[in-house]
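Here's final.pdb, which has PDB, C-alpha atoms and all ligand atoms:
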MODEL        1
ATOM      1  CA  MET A   1       0.000   0.000   0.000  1.00  0.00           C
ATOM      2  CA  LYS A   2       1.064   3.616  -0.556  1.00  0.00           C
ATOM      3  CA  ARG A   3       1.153   5.773   2.551  1.00  0.00           C
ATOM      4  CA  GLN A   4       3.000   8.590   4.316  1.00  0.00           C
ATOM      5  CA  MET A   5       6.423   7.568   5.688  1.00  0.00           C
ATOM      6  CA  ILE A   6       9.425   9.429   7.001  1.00  0.00           C
ATOM      7  CA  LYS A   7      12.597   9.555   4.914  1.00  0.00           C
ATOM      8  CA  ILE A   8      16.015  10.309   6.398  1.00  0.00           C
ATOM      9  CA  ASP A   9      18.605  12.069   4.259  1.00  0.00           C
ATOM     10  CA  GLU A  10      21.842  10.239   5.132  1.00  0.00           C
ATOM     11  CA  ASP A  11      23.988  13.047   3.766  1.00  0.00           C
ATOM     12  CA  LYS A  12      22.393  15.592   6.118  1.00  0.00           C
ATOM     13  CA  CYS A  13      22.168  13.292   9.185  1.00  0.00           C
ATOM     14  CA  ASN A  14      25.056  13.827  11.607  1.00  0.00           C
ATOM     15  CA  GLY A  15      23.999  11.084  14.018  1.00  0.00           C
ATOM     16  CA  CYS A  16      23.172  13.429  16.897  1.00  0.00           C
ATOM     17  CA  GLY A  17      20.286  11.185  17.978  1.00  0.00           C
ATOM     18  CA  ALA A  18      17.871  14.033  18.721  1.00  0.00           C
ATOM     19  CA  CYS A  19      15.163  12.385  16.617  1.00  0.00           C
ATOM     20  CA  ILE A  20      15.141   9.131  18.615  1.00  0.00           C
ATOM     21  CA  PRO A  21      13.065  10.389  21.584  1.00  0.00           C
ATOM     22  CA  GLY A  22      10.937  12.349  19.093  1.00  0.00           C
ATOM     23  CA  CYS A  23       9.560   9.084  17.761  1.00  0.00           C
ATOM     24  CA  PRO A  24       7.188   7.661  20.379  1.00  0.00           C
ATOM     25  CA  GLU A  25       6.730   4.547  18.253  1.00  0.00           C
ATOM     26  CA  GLY A  26      10.368   3.518  18.654  1.00  0.00           C
ATOM     27  CA  ALA A  27      10.776   3.444  14.873  1.00  0.00           C
ATOM     28  CA  LEU A  28      14.176   5.167  14.859  1.00  0.00           C
ATOM     29  CA  GLN A  29      17.566   3.908  15.976  1.00  0.00           C
ATOM     30  CA  LEU A  30      21.124   5.107  15.516  1.00  0.00           C
ATOM     31  CA  ILE A  31      22.968   2.521  13.440  1.00  0.00           C
ATOM     32  CA  ASP A  32      26.518   3.079  12.204  1.00  0.00           C
ATOM     33  CA  GLY A  33      26.304   6.737  13.208  1.00  0.00           C
ATOM     34  CA  LYS A  34      23.127   7.515  11.277  1.00  0.00           C
ATOM     35  CA  ALA A  35      19.447   7.581  12.188  1.00  0.00           C
ATOM     36  CA  ARG A  36      17.604   4.671  10.593  1.00  0.00           C
ATOM     37  CA  LEU A  37      13.971   3.696  10.308  1.00  0.00           C
ATOM     38  CA  VAL A  38      14.087   0.189  11.783  1.00  0.00           C
ATOM     39  CA  SER A  39      10.751  -0.984  10.385  1.00  0.00           C
ATOM     40  CA  ASP A  40       8.005   0.378   8.156  1.00  0.00           C
ATOM     41  CA  LEU A  41       5.564  -1.284  10.554  1.00  0.00           C
ATOM     42  CA  PHE A  42       6.560   1.165  13.332  1.00  0.00           C
ATOM     43  CA  CYS A  43       6.266   4.425  11.353  1.00  0.00           C
ATOM     44  CA  ASP A  44       2.813   6.029  11.514  1.00  0.00           C
ATOM     45  CA  GLY A  45       3.861   8.718   9.022  1.00  0.00           C
ATOM     46  CA  LEU A  46       2.721  11.593  11.253  1.00  0.00           C
ATOM     47  CA  GLY A  47       6.242  13.020  11.327  1.00  0.00           C
ATOM     48  CA  ALA A  48       6.496  13.689  15.069  1.00  0.00           C
ATOM     49  CA  CYS A  49      10.292  13.341  14.749  1.00  0.00           C
ATOM     50  CA  LEU A  50      10.696  16.081  12.105  1.00  0.00           C
ATOM     51  CA  GLY A  51      10.835  19.001  14.507  1.00  0.00           C
ATOM     52  CA  ASN A  52      13.587  17.355  16.561  1.00  0.00           C
ATOM     53  CA  CYS A  53      16.145  17.249  13.770  1.00  0.00           C
ATOM     54  CA  PRO A  54      18.578  20.207  13.790  1.00  0.00           C
ATOM     55  CA  GLN A  55      19.901  19.160  10.363  1.00  0.00           C
ATOM     56  CA  ASP A  56      16.519  19.180   8.601  1.00  0.00           C
ATOM     57  CA  ALA A  57      17.363  15.627   7.557  1.00  0.00           C
ATOM     58  CA  ILE A  58      13.900  14.116   7.962  1.00  0.00           C
ATOM     59  CA  ARG A  59      10.892  14.628   5.732  1.00  0.00           C
ATOM     60  CA  VAL A  60       7.641  12.834   5.045  1.00  0.00           C
ATOM     61  CA  GLU A  61       7.086  11.215   1.680  1.00  0.00           C
ATOM     62  CA  GLU A  62       4.457   8.975   0.175  1.00  0.00           C
ATOM     63  CA  ARG A  63       5.756   5.564  -0.856  1.00  0.00           C
ATOM     64  CA  GLU A  64       4.946   1.875  -0.881  1.00  0.00           C
ATOM     65  CA  ALA A  65       5.195   0.510   2.656  1.00  0.00           C
ATOM     66  CA  GLU A  66       3.825  -2.180   4.862  1.00  0.00           C
ATOM     67  CA  PRO A  67       0.835  -1.017   6.919  1.00  0.00           C
ATOM     68  CA  TYR A  68       1.513   0.613  10.272  1.00  0.00           C
ATOM     69  CA  SER A  69       1.015  -1.848  13.142  1.00  0.00           C
ATOM     70  CA  GLU A  70      -0.141  -0.368  16.445  1.00  0.00           C
ATOM     71  CA  GLU A  71       0.024  -3.850  17.971  1.00  0.00           C
ATOM     72  CA  LEU A  72       3.721  -4.295  17.112  1.00  0.00           C
ATOM     73  CA  VAL A  73       4.501  -0.719  18.185  1.00  0.00           C
ATOM     74  CA  MET A  74       2.941  -1.343  21.592  1.00  0.00           C
ATOM     75  CA  GLU A  75       4.911  -4.592  21.938  1.00  0.00           C
ATOM     76  CA  ASN A  76       8.060  -2.682  20.998  1.00  0.00           C
ATOM     77  CA  ILE A  77       7.592   0.264  23.374  1.00  0.00           C
ATOM     78  CA  MET A  78       6.242  -1.625  26.406  1.00  0.00           C
ATOM     79  CA  LYS A  79       9.822  -2.391  27.448  1.00  0.00           C
ATOM     80  CA  ALA A  80      10.682   1.320  27.323  1.00  0.00           C
ATOM     81  CA  GLY A  81       8.288   2.051  30.173  1.00  0.00           C
ATOM     82  CA  THR A  82       5.340   4.225  31.094  1.00  0.00           C
ATOM     83  CA  ASN A  83       6.693   7.562  29.866  1.00  0.00           C
ATOM     84  CA  THR A  84       7.266   6.201  26.352  1.00  0.00           C
ATOM     85  CA  ILE A  85       3.776   4.727  26.255  1.00  0.00           C
ATOM     86  CA  LYS A  86       2.321   8.054  27.449  1.00  0.00           C
ATOM     87  CA  ALA A  87       4.272   9.947  24.795  1.00  0.00           C
ATOM     88  CA  HIS A  88       2.995   7.578  22.137  1.00  0.00           C
ATOM     89  CA  LEU A  89      -0.647   7.880  23.214  1.00  0.00           C
ATOM     90  CA  THR A  90      -0.402  11.655  23.620  1.00  0.00           C
ATOM     91  CA  HIS A  91       0.537  12.364  20.014  1.00  0.00           C
ATOM     92  CA  LEU A  92      -2.165  10.170  18.481  1.00  0.00           C
ATOM     93  CA  LYS A  93      -5.057  12.061  16.928  1.00  0.00           C
ATOM     94  CA  SER A  94      -7.613   9.306  17.353  1.00  0.00           C
ATOM     95  CA  VAL A  95      -7.886   5.670  18.298  1.00  0.00           C
ATOM     96  CA  SER A  96      -9.908   2.990  16.552  1.00  0.00           C
ATOM     97  CA  LEU A  97     -10.618  -0.221  18.378  1.00  0.00           C
ATOM     98  CA  VAL A  98     -11.820  -3.434  16.780  1.00  0.00           C
ATOM     99  CA  ARG A  99     -12.991  -6.040  19.237  1.00  0.00           C
ATOM    100  CA  MET A 100     -14.974  -9.229  19.256  1.00  0.00           C
ATOM    101  CA  ASP A 101     -18.463  -9.345  20.725  1.00  0.00           C
ATOM    102  CA  VAL A 102     -17.377 -11.604  23.573  1.00  0.00           C
ATOM    103  CA  PRO A 103     -17.159 -10.834  27.304  1.00  0.00           C
ATOM    104  CA  CYS A 104     -13.377 -11.064  27.539  1.00  0.00           C
ATOM    105  CA  CYS A 105     -12.982  -8.194  24.994  1.00  0.00           C
ATOM    106  CA  GLY A 106     -15.482  -5.965  26.802  1.00  0.00           C
ATOM    107  CA  GLY A 107     -12.905  -4.350  29.075  1.00  0.00           C
ATOM    108  CA  THR A 108     -10.583  -3.340  26.241  1.00  0.00           C
ATOM    109  CA  GLU A 109     -12.471  -0.120  25.483  1.00  0.00           C
ATOM    110  CA  VAL A 110     -12.400   0.899  29.153  1.00  0.00           C
ATOM    111  CA  LEU A 111      -8.656   0.175  29.382  1.00  0.00           C
ATOM    112  CA  ILE A 112      -7.901   2.273  26.284  1.00  0.00           C
ATOM    113  CA  LYS A 113      -9.997   5.203  27.503  1.00  0.00           C
ATOM    114  CA  ARG A 114      -8.250   5.095  30.905  1.00  0.00           C
ATOM    115  CA  ALA A 115      -4.821   4.963  29.265  1.00  0.00           C
ATOM    116  CA  LEU A 116      -5.690   7.979  27.105  1.00  0.00           C
ATOM    117  CA  GLU A 117      -6.939   9.900  30.138  1.00  0.00           C
ATOM    118  CA  GLN A 118      -3.693   9.120  31.969  1.00  0.00           C
ATOM    119  CA  ALA A 119      -1.761  10.310  28.930  1.00  0.00           C
ATOM    120  CA  GLY A 120      -3.407  13.666  29.577  1.00  0.00           C
ATOM    121  CA  LYS A 121      -5.205  13.985  26.284  1.00  0.00           C
ATOM    122  CA  LEU A 122      -8.724  13.382  25.134  1.00  0.00           C
ATOM    123  CA  HIS A 123      -9.012  11.334  22.003  1.00  0.00           C
ATOM    124  CA  PHE A 124     -11.816  10.164  19.852  1.00  0.00           C
ATOM    125  CA  VAL A 125     -12.188   6.432  20.310  1.00  0.00           C
ATOM    126  CA  LYS A 126     -14.031   4.651  17.524  1.00  0.00           C
ATOM    127  CA  VAL A 127     -15.185   1.185  18.513  1.00  0.00           C
ATOM    128  CA  ASN A 128     -16.013  -1.511  15.972  1.00  0.00           C
ATOM    129  CA  VAL A 129     -17.522  -4.691  17.358  1.00  0.00           C
ATOM    130  CA  ILE A 130     -17.289  -7.911  15.374  1.00  0.00           C
ATOM    131  CA  SER A 131     -19.825 -10.660  16.020  1.00  0.00           C
ATOM    132  CA  ILE A 132     -18.667 -14.228  16.559  1.00  0.00           C
ATOM    133  CA  ASP A 133     -19.789 -15.045  12.993  1.00  0.00           C
ATOM    134  CA  GLY A 134     -17.573 -12.268  11.595  1.00  0.00           C
ATOM    135  CA  LYS A 135     -20.098  -9.479  10.970  1.00  0.00           C
ATOM    136  CA  ILE A 136     -19.603  -5.835  11.980  1.00  0.00           C
ATOM    137  CA  ILE A 137     -22.272  -5.031  14.554  1.00  0.00           C
TER     138      ILE A 137
HETATM  139  S1  LIG A 201      18.017  14.363  14.616  1.00  0.00           S
HETATM  140 FE1  LIG A 201      18.515  14.538  12.412  1.00  0.00          FE
HETATM  141  S2  LIG A 201      20.750  14.699  12.363  1.00  0.00           S
HETATM  142 FE2  LIG A 201      20.234  13.924  14.391  1.00  0.00          FE
HETATM  143  S3  LIG A 201      20.295  11.653  14.203  1.00  0.00           S
HETATM  144 FE3  LIG A 201      18.175  12.257  13.794  1.00  0.00          FE
HETATM  145  S4  LIG A 201      18.067  12.501  11.549  1.00  0.00           S
HETATM  146 FE4  LIG A 201      20.248  12.507  12.095  1.00  0.00          FE
ENDMDL
END
How does this structure look as structure tokens?
Amino acid sequence: MKRQMIKIDEDKCNGCGACIPGCPEGALQLIDGKARLVSDLFCDGLGACLGNCPQDAIRVEEREAEPYSEELVMENIMKAGTNTIKAHLTHLKSVSLVRMDVPCCGGTEVLIKRALEQAGKLHFVKVNVISIDGKII
């Protein structure tokens, strides 16, 4: 699929690392003295890291990329601790939740709303419920 992704200009990048904390998805790492996008799956394309770069080495472009994966991002940033998770949730513009129509999924919406409240930002949460026979309710 084509979507918005960040692109790092290696010639401009001086490896200062200022962009790393600017990416709450954990999509950037310093490798061999340059900032690198470690996985398309982690980049949401919102460009939160752009303003952190003193070299103007990062821009957003549209290109073929794997779809962003919130699930993998959360797995990736859980180990970084609460502040990273808060930073990630704070910069999101909205949250969409898809859950099954079964009791064990019922608390997911409440958990997400609480997490967003703790992140100090109100977000629109869109909830899609899927029946056990696969229909959107
Ligand atoms: S902030 Fe800019 S110059 Fe510094 S490591 Fe990141 S991309 Fe490179």
Expanded to explicit residues, what is the PyMOL selection byres (((not hetatm)) within 7 of (chain A and resi 201)) for this file, as a compact mmCIF listing (two decimals) with C-alpha atoms, in the coordinates of the input?
# COMPACT_ATOMS: atom_id res chain seq x y z
CA ILE A 8 16.02 10.31 6.40
CA LYS A 12 22.39 15.59 6.12
CA CYS A 13 22.17 13.29 9.18
CA ASN A 14 25.06 13.83 11.61
CA GLY A 15 24.00 11.08 14.02
CA CYS A 16 23.17 13.43 16.90
CA GLY A 17 20.29 11.18 17.98
CA ALA A 18 17.87 14.03 18.72
CA CYS A 19 15.16 12.38 16.62
CA ILE A 20 15.14 9.13 18.61
CA LEU A 30 21.12 5.11 15.52
CA LYS A 34 23.13 7.52 11.28
CA ALA A 35 19.45 7.58 12.19
CA ASN A 52 13.59 17.36 16.56
CA CYS A 53 16.14 17.25 13.77
CA PRO A 54 18.58 20.21 13.79
CA GLN A 55 19.90 19.16 10.36
CA ASP A 56 16.52 19.18 8.60
CA ALA A 57 17.36 15.63 7.56
CA ILE A 58 13.90 14.12 7.96
Evaluate the PyMOL selection byres (((chain A and resi 136) around 12) and not hetatm) and report residues as a list of chain:residue names: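 Answer for the PyMOL selection byres (((chain A and resi 136) around 12) and not hetatm): A:Val98, A:Arg99, A:Met100, A:Asp101, A:Val127, A:Asn128, A:Val129, A:Ile130, A:Ser131, A:Ile132, A:Asp133, A:Gly134, A:Lys135, A:Ile137.
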What does the structure give for the distance between CA of Glu70 (chain A) and CA of Arg36 (chain A), in Å to one decimal?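 CA of Arg36 (chain A) lies at a distance of 19.4 Å from CA of Glu70 (chain A).
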Counting all atoms listed in the file, which of A:Val60, A:Gly26, A:Val125, A:Ser39 gets nearest to Gly81 (chain A)?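 Checking each candidate against Gly81 (chain A), we get A:Gly26 as the closest.
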Find the residues around Arg3 (chain A) up to 10 Å (only C-alpha atoms counted), leave out those fewer than 5 positions away in its own chain, and share them as a PyMOL selection string. chain A and resi 44-45+60-68
Test item: the PyMOL selection byres (((chain A and resi 85) around 12) and not hetatm) resolved as a VMD selection string: chain A and resid 21 23 to 26 70 73 to 84 86 to 92 112 115 to 116 118 to 120
I'd like the interatomic distance between CA of Gly33 (chain A) and CA of Asp11 (chain A), to a tenth of an Å.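 CA of Asp11 (chain A) lies 11.6 Å from CA of Gly33 (chain A).
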Which one of A:Glu10, A:Ser69, A:Met5, A:Ala48 sits closest to Ile31 (chain A) if you count all atoms listed in the file? A:Glu10
Point-to-point distance from CA of Ala27 (chain A) to CA of Arg59 (chain A), Å rounded to tenths: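 Those two atoms sit 14.4 Å apart.
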Taking into account only C-alpha atoms, which residue in the set A:Asp32, A:Leu37, A:Lys113, A:Gly51 is nearest to Asp9 (chain A)?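 Selected residue with least distance to Asp9 (chain A): A:Leu37.
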Given 5 Å of margin on each side, can you work out the centre and size in Å (one decimal) of an axis-aligned box holding every listed atom of region 36-49 of chain A, as JSON?
{"center_x": 10.2, "center_y": 6.2, "center_z": 11.6, "size_x": 24.9, "size_y": 25.0, "size_z": 16.9}
